[in-house]
file coords-v5.cif (mmCIF, C-alpha atoms)
data_coords
loop_
_atom_site.label_atom_id
_atom_site.label_comp_id
_atom_site.auth_asym_id
_atom_site.auth_seq_id
_atom_site.Cartn_x
_atom_site.Cartn_y
_atom_site.Cartn_z
CA ASN F 1 10.92 -44.39 14.96
CA CYS F 2 9.46 -46.37 17.82
CA TRP F 3 8.27 -44.63 20.95
CA HIS F 4 6.90 -45.56 24.33
CA GLU F 5 3.44 -44.05 24.50
CA ALA F 6 4.50 -41.97 27.53
CA CYS F 7 7.57 -40.67 25.62
CA PHE F 8 5.65 -39.68 22.47
CA VAL F 9 4.85 -36.14 23.64
CA CYS F 10 4.90 -32.60 22.34
CA GLN F 11 8.34 -31.08 22.80
CA HIS F 12 6.80 -27.87 24.15
CA CYS F 13 3.72 -28.68 26.25
CA ARG F 14 4.73 -32.29 27.04
CA GLN F 15 1.19 -33.54 26.34
CA PRO F 16 0.90 -37.02 24.76
CA LEU F 17 0.59 -36.89 20.98
CA GLY F 18 -1.00 -40.33 20.56
CA THR F 19 -2.91 -40.15 17.27
CA LYS F 20 -3.20 -36.33 17.19
CA PRO F 21 -1.78 -34.40 14.24
CA LEU F 22 1.83 -33.43 14.79
CA ILE F 23 4.56 -31.42 13.14
CA THR F 24 8.22 -32.40 13.29
CA LYS F 25 10.92 -29.74 13.31
CA ASP F 26 14.63 -30.47 13.86
CA ASN F 27 13.75 -34.04 14.96
CA ASP F 28 11.41 -32.72 17.68
CA ASN F 29 7.66 -33.40 17.61
CA TYR F 30 5.08 -30.70 18.35
CA CYS F 31 1.31 -30.66 18.60
CA VAL F 32 -0.15 -28.27 16.02
CA PRO F 33 -1.12 -25.51 18.54
CA CYS F 34 2.35 -25.48 20.12
CA PHE F 35 4.09 -25.48 16.75
CA GLU F 36 1.96 -22.53 15.61
CA LYS F 37 2.68 -20.60 18.83
CA GLN F 38 6.41 -21.32 18.65
CA PHE F 39 7.24 -21.10 14.95
CA ALA F 40 4.42 -20.01 12.66
CA GLN F 41 4.13 -16.46 11.40
CA CYS F 42 1.01 -14.56 12.41
CA CYS F 43 -0.70 -11.99 10.23
CA TYR F 44 0.05 -8.41 11.29
CA SER F 45 -3.58 -7.45 10.64
CA CYS F 46 -5.75 -10.27 12.02
CA LYS F 47 -3.12 -11.92 14.26
CA LYS F 48 -4.05 -15.41 12.97
CA VAL F 49 -1.50 -17.96 11.79
CA ILE F 50 -0.43 -17.77 8.15
CA THR F 51 -0.57 -21.35 6.91
CA THR F 52 0.06 -20.80 3.19
CA GLY F 53 1.20 -17.95 1.00
CA GLY F 54 1.10 -14.53 2.56
CA VAL F 55 2.89 -11.29 1.77
CA THR F 56 5.39 -9.10 3.57
CA TYR F 57 4.83 -5.36 3.95
CA ARG F 58 7.15 -3.21 6.08
CA ASP F 59 8.86 -6.38 7.32
CA GLN F 60 5.56 -7.70 8.69
CA PRO F 61 3.75 -10.85 7.48
CA TRP F 62 0.16 -10.53 6.18
CA HIS F 63 -2.43 -12.91 4.76
CA LYS F 64 -3.03 -11.99 1.11
CA GLU F 65 -6.68 -11.35 1.93
CA CYS F 66 -5.78 -9.07 4.88
CA PHE F 67 -3.36 -6.89 2.91
CA VAL F 68 -5.88 -4.36 1.55
CA CYS F 69 -6.08 -0.73 0.47
CA THR F 70 -6.62 1.63 3.39
CA GLY F 71 -9.19 3.53 1.33
CA CYS F 72 -11.38 0.98 -0.48
CA GLN F 73 -10.38 -2.34 1.16
CA GLN F 74 -9.43 -3.90 -2.23
CA GLN F 75 -6.81 -6.66 -1.93
CA LEU F 76 -3.36 -5.36 -2.84
CA ALA F 77 -1.35 -8.60 -3.06
CA GLY F 78 0.14 -8.71 -6.56
CA GLN F 79 -1.09 -5.17 -7.37
CA ARG F 80 0.79 -1.90 -7.67
CA PHE F 81 0.22 0.28 -4.62
CA ILE F 82 1.60 3.38 -2.92
CA SER F 83 2.40 3.76 0.76
CA LYS F 84 1.56 6.97 2.63
CA ASP F 85 2.21 7.37 6.35
CA GLU F 86 2.85 3.60 6.54
CA HIS F 87 -0.60 2.80 5.09
CA PRO F 88 -0.96 1.07 1.71
CA TYR F 89 -3.28 2.54 -0.94
CA CYS F 90 -4.31 1.28 -4.37
CA LEU F 91 -3.32 3.74 -7.10
CA GLN F 92 -6.87 5.00 -7.54
CA CYS F 93 -7.42 5.79 -3.84
CA PHE F 94 -4.00 7.37 -3.47
CA SER F 95 -4.73 9.56 -6.47
CA SER F 96 -8.12 10.70 -5.19
CA TYR F 97 -6.91 11.34 -1.62
CA TYR F 98 -3.42 12.78 -2.04
CA GLU F 99 -2.43 13.78 -5.55
CA LYS F 100 -2.67 17.41 -6.55
CA LYS F 101 -5.44 18.26 -9.01
CA CYS F 102 -5.02 20.23 -12.21
CA VAL F 103 -6.63 23.68 -11.95
CA ALA F 104 -7.93 23.44 -15.52
CA CYS F 105 -9.34 19.90 -15.78
CA SER F 106 -9.57 18.88 -12.08
CA LYS F 107 -7.94 15.51 -12.82
CA PRO F 108 -5.09 14.30 -10.62
CA ILE F 109 -1.54 15.19 -11.54
CA THR F 110 0.26 11.88 -11.22
CA ALA F 111 3.98 11.25 -11.11
CA LEU F 112 3.49 7.80 -12.65
CA GLY F 113 4.75 7.51 -16.19
CA GLY F 114 6.89 10.65 -15.90
CA ALA F 115 4.00 13.06 -16.47
CA LYS F 116 5.06 16.70 -16.70
CA PHE F 117 3.21 19.51 -15.00
CA ILE F 118 3.48 23.21 -14.25
CA SER F 119 3.31 24.59 -10.74
CA PHE F 120 2.77 28.26 -9.91
CA GLU F 121 2.15 29.48 -6.38
CA ASP F 122 -0.29 26.94 -4.93
CA ARG F 123 -1.77 25.81 -8.27
CA GLN F 124 -0.79 23.01 -10.67
CA TRP F 125 -1.63 22.22 -14.30
CA HIS F 126 -0.95 19.33 -16.64
CA SER F 127 1.35 20.59 -19.42
CA ASP F 128 -1.47 20.13 -21.93
CA CYS F 129 -3.86 22.15 -19.75
CA PHE F 130 -1.57 25.13 -19.13
CA LYS F 131 -3.29 27.56 -21.54
CA CYS F 132 -4.25 31.20 -21.69
CA GLY F 133 -7.66 31.72 -20.09
CA LYS F 134 -8.72 33.99 -22.94
CA CYS F 135 -7.27 32.70 -26.25
CA SER F 136 -6.42 29.12 -25.14
CA SER F 137 -2.88 29.22 -26.54
CA SER F 138 -0.35 27.04 -24.75
CA LEU F 139 1.69 28.84 -22.11
CA VAL F 140 4.30 26.09 -21.66
CA GLY F 141 7.73 27.74 -21.78
CA LYS F 142 6.21 31.20 -22.30
CA GLY F 143 5.66 34.22 -20.14
CA PHE F 144 2.25 34.72 -18.55
CA LEU F 145 0.51 36.94 -16.06
CA THR F 146 -2.32 36.33 -13.65
CA GLN F 147 -5.55 38.24 -13.42
CA GLN F 148 -7.63 37.14 -10.46
CA ASP F 149 -7.87 33.32 -10.87
CA GLN F 150 -6.99 33.33 -14.60
CA ILE F 151 -3.64 32.97 -16.29
CA LEU F 152 -3.22 34.99 -19.46
CA CYS F 153 -0.63 35.17 -22.21
CA CYS F 154 1.22 38.45 -22.71
CA ASN F 155 -0.84 39.26 -25.86
CA CYS F 156 -4.17 38.87 -24.06
CA ILE F 157 -3.10 40.76 -20.92
CA SER F 158 -2.09 43.78 -23.07
CA SER F 159 -5.57 43.85 -24.66
CA VAL F 160 -7.33 43.93 -21.27
#
call {"tool": "encode", "arguments": {"input": "coords-v5.cif", "output": "structure tokens"}}
result
Amino acid sequence: NCWHEACFVCQHCRQPLGTKPLITKDNDNYCVPCFEKQFAQCCYSCKKVITTGGVTYRDQPWHKECFVCTGCQQQLAGQRFISKDEHPYCLQCFSSYYEKKCVACSKPITALGGAKFISFEDRQWHSDCFKCGKCSSSLVGKGFLTQQDQILCCNCISSV
């Protein structure tokens, strides 16, 4: 296309483009700052323009390097993560902050992988950890009683 110098202007700010970088959209020419203000997506976190790549979380655009774990600040783009109260967490941070801990081994009880666990009152155990506090026999699917903080099988409670 041929232009008069006075006609070769940014569609938005009307400033002459001359030899400045420009971006064309729908046959209209824009200076780079006006194009970015009008059309470019800005990162939800840092508010700067996303020029390449980026990720979407909760319908908001983010730079890959800005989309990080709320706990440890590790980049989450391309990683598995869990959202809690609209904040993203890597699996390790989510586990340490929010997952219930097994009374016996103190490790997190995770729902990932279909792990099974036992819950009684306000305590939880991994299935493999749910054992009599005296004889260590498995209590999964069996009757048990509590004595202070211990759980005991019926055989052991009768010998107390």
call {"tool": "residues_around", "arguments": {"input": "coords-v5.cif", "residues": "stretch 142-153 of chain F", "least_positions_apart": "5", "cutoff": "12 Å", "atoms": "only C-alpha atoms", "output": "PyMOL selection string"}}
result
chain F and resi 103-104+118+120-125+129-137+158-160
call {"tool": "write_last_selection", "arguments": {"input": "coords-v5.cif", "atoms": "C-alpha atoms", "output": "PDB file, keeping the file's coordinate frame"}}
result
ATOM      1  CA  VAL F 103      -6.630  23.680 -11.950  1.00  0.00           C
ATOM      2  CA  ALA F 104      -7.930  23.440 -15.520  1.00  0.00           C
ATOM      3  CA  ILE F 118       3.480  23.210 -14.250  1.00  0.00           C
ATOM      4  CA  PHE F 120       2.770  28.260  -9.910  1.00  0.00           C
ATOM      5  CA  GLU F 121       2.150  29.480  -6.380  1.00  0.00           C
ATOM      6  CA  ASP F 122      -0.290  26.940  -4.930  1.00  0.00           C
ATOM      7  CA  ARG F 123      -1.770  25.810  -8.270  1.00  0.00           C
ATOM      8  CA  GLN F 124      -0.790  23.010 -10.670  1.00  0.00           C
ATOM      9  CA  TRP F 125      -1.630  22.220 -14.300  1.00  0.00           C
ATOM     10  CA  CYS F 129      -3.860  22.150 -19.750  1.00  0.00           C
ATOM     11  CA  PHE F 130      -1.570  25.130 -19.130  1.00  0.00           C
ATOM     12  CA  LYS F 131      -3.290  27.560 -21.540  1.00  0.00           C
ATOM     13  CA  CYS F 132      -4.250  31.200 -21.690  1.00  0.00           C
ATOM     14  CA  GLY F 133      -7.660  31.720 -20.090  1.00  0.00           C
ATOM     15  CA  LYS F 134      -8.720  33.990 -22.940  1.00  0.00           C
ATOM     16  CA  CYS F 135      -7.270  32.700 -26.250  1.00  0.00           C
ATOM     17  CA  SER F 136      -6.420  29.120 -25.140  1.00  0.00           C
ATOM     18  CA  SER F 137      -2.880  29.220 -26.540  1.00  0.00           C
ATOM     19  CA  SER F 158      -2.090  43.780 -23.070  1.00  0.00           C
ATOM     20  CA  SER F 159      -5.570  43.850 -24.660  1.00  0.00           C
ATOM     21  CA  VAL F 160      -7.330  43.930 -21.270  1.00  0.00           C
TER      22      VAL F 160
END
call {"tool": "atom_distance", "arguments": {"input": "coords-v5.cif", "atom1": "atom CA of F:Ala40", "atom2": "atom CA of F:Asn27"}}
result
17.0 Å
call {"tool": "residues_around", "arguments": {"input": "coords-v5.cif", "residues": "F:Thr51", "least_positions_apart": "3", "cutoff": "12 Å", "atoms": "all atoms listed in the file", "output": "list of chain:residue names"}}
result
F:Val32, F:Phe35, F:Glu36, F:Phe39, F:Ala40, F:Gln41, F:Cys42, F:Cys43, F:Lys48, F:Gly54, F:Val55, F:Pro61, F:Trp62, F:His63, F:Lys64
call {"tool": "residues_around", "arguments": {"input": "coords-v5.cif", "residues": "stretch 15-24 of chain F", "least_positions_apart": "2", "cutoff": "12 Å", "atoms": "all atoms listed in the file", "output": "MDAnalysis selection string"}}
result
chainID F and resid 3:13 26:36 38:40
call {"tool": "atom_distance", "arguments": {"input": "coords-v5.cif", "atom1": "atom CA of F:Asp85", "atom2": "atom CA of F:Ser127"}}
result
29.0 Å
call {"tool": "residues_around", "arguments": {"input": "coords-v5.cif", "residues": "F:Val68", "least_positions_apart": "2", "cutoff": "12 Å", "atoms": "all atoms listed in the file", "output": "compact mmCIF listing (two decimals) with C-alpha atoms, in the coordinates of the input"}}
result
# COMPACT_ATOMS: atom_id res chain seq x y z
CA SER F 45 -3.58 -7.45 10.64
CA VAL F 55 2.89 -11.29 1.77
CA TYR F 57 4.83 -5.36 3.95
CA TRP F 62 0.16 -10.53 6.18
CA HIS F 63 -2.43 -12.91 4.76
CA LYS F 64 -3.03 -11.99 1.11
CA GLU F 65 -6.68 -11.35 1.93
CA CYS F 66 -5.78 -9.07 4.88
CA THR F 70 -6.62 1.63 3.39
CA GLY F 71 -9.19 3.53 1.33
CA CYS F 72 -11.38 0.98 -0.48
CA GLN F 73 -10.38 -2.34 1.16
CA GLN F 74 -9.43 -3.90 -2.23
CA GLN F 75 -6.81 -6.66 -1.93
CA LEU F 76 -3.36 -5.36 -2.84
CA ALA F 77 -1.35 -8.60 -3.06
CA GLY F 78 0.14 -8.71 -6.56
CA GLN F 79 -1.09 -5.17 -7.37
CA ARG F 80 0.79 -1.90 -7.67
CA PHE F 81 0.22 0.28 -4.62
CA ILE F 82 1.60 3.38 -2.92
CA SER F 83 2.40 3.76 0.76
CA HIS F 87 -0.60 2.80 5.09
CA PRO F 88 -0.96 1.07 1.71
CA TYR F 89 -3.28 2.54 -0.94
CA CYS F 90 -4.31 1.28 -4.37
CA CYS F 93 -7.42 5.79 -3.84
call {"tool": "atom_distance", "arguments": {"input": "coords-v5.cif", "atom1": "atom CA of F:Lys47", "atom2": "atom CA of F:Arg14"}}
result
25.3 Å
call {"tool": "closest_residue", "arguments": {"input": "coords-v5.cif", "among": "F:Leu91, F:Lys37, F:Cys154, F:Ser138", "to": "F:Ile50", "atoms": "all atoms listed in the file"}}
result
F:Lys37
call {"tool": "decode", "arguments": {"input": "coords-v5.cif", "residues": "stretch 118-157 of chain F", "atoms": "C-alpha atoms", "output": "PDB file, in the first residue's frame"}}
result
ATOM      1  CA  ILE F 118     -10.129 -45.013  57.874  1.00  0.00           C
ATOM      2  CA  SER F 119     -11.703 -42.112  59.715  1.00  0.00           C
ATOM      3  CA  PHE F 120     -12.951 -42.288  63.294  1.00  0.00           C
ATOM      4  CA  GLU F 121     -14.100 -39.226  65.206  1.00  0.00           C
ATOM      5  CA  ASP F 122     -11.507 -36.566  64.334  1.00  0.00           C
ATOM      6  CA  ARG F 123      -8.669 -38.995  63.504  1.00  0.00           C
ATOM      7  CA  GLN F 124      -7.607 -40.635  60.230  1.00  0.00           C
ATOM      8  CA  TRP F 125      -5.351 -43.570  59.357  1.00  0.00           C
ATOM      9  CA  HIS F 126      -4.012 -45.068  56.147  1.00  0.00           C
ATOM     10  CA  SER F 127      -5.533 -48.545  55.753  1.00  0.00           C
ATOM     11  CA  ASP F 128      -2.084 -50.085  56.252  1.00  0.00           C
ATOM     12  CA  CYS F 129      -1.567 -48.084  59.461  1.00  0.00           C
ATOM     13  CA  PHE F 130      -4.895 -48.910  61.107  1.00  0.00           C
ATOM     14  CA  LYS F 131      -3.562 -51.455  63.638  1.00  0.00           C
ATOM     15  CA  CYS F 132      -4.102 -52.426  67.240  1.00  0.00           C
ATOM     16  CA  GLY F 133      -1.931 -50.296  69.515  1.00  0.00           C
ATOM     17  CA  LYS F 134      -0.942 -53.356  71.538  1.00  0.00           C
ATOM     18  CA  CYS F 135      -0.566 -56.384  69.223  1.00  0.00           C
ATOM     19  CA  SER F 136      -0.269 -54.516  65.875  1.00  0.00           C
ATOM     20  CA  SER F 137      -2.867 -56.673  64.115  1.00  0.00           C
ATOM     21  CA  SER F 138      -4.792 -54.966  61.331  1.00  0.00           C
ATOM     22  CA  LEU F 139      -8.131 -53.516  62.375  1.00  0.00           C
ATOM     23  CA  VAL F 140      -9.443 -52.913  58.850  1.00  0.00           C
ATOM     24  CA  GLY F 141     -12.983 -54.302  58.690  1.00  0.00           C
ATOM     25  CA  LYS F 142     -12.854 -55.443  62.326  1.00  0.00           C
ATOM     26  CA  GLY F 143     -14.298 -54.189  65.558  1.00  0.00           C
ATOM     27  CA  PHE F 144     -12.110 -52.062  67.817  1.00  0.00           C
ATOM     28  CA  LEU F 145     -12.326 -49.991  70.955  1.00  0.00           C
ATOM     29  CA  THR F 146     -10.483 -46.915  72.098  1.00  0.00           C
ATOM     30  CA  GLN F 147      -8.539 -46.500  75.293  1.00  0.00           C
ATOM     31  CA  GLN F 148      -7.330 -42.941  75.759  1.00  0.00           C
ATOM     32  CA  ASP F 149      -5.491 -42.160  72.465  1.00  0.00           C
ATOM     33  CA  GLN F 150      -4.988 -45.824  71.482  1.00  0.00           C
ATOM     34  CA  ILE F 151      -7.145 -48.075  69.358  1.00  0.00           C
ATOM     35  CA  LEU F 152      -7.222 -51.700  70.431  1.00  0.00           C
ATOM     36  CA  CYS F 153      -8.579 -54.910  68.960  1.00  0.00           C
ATOM     37  CA  CYS F 154     -11.274 -56.762  70.896  1.00  0.00           C
ATOM     38  CA  ASN F 155      -8.760 -59.437  72.060  1.00  0.00           C
ATOM     39  CA  CYS F 156      -6.369 -56.873  73.527  1.00  0.00           C
ATOM     40  CA  ILE F 157      -9.075 -54.761  75.182  1.00  0.00           C
TER      41      ILE F 157
END
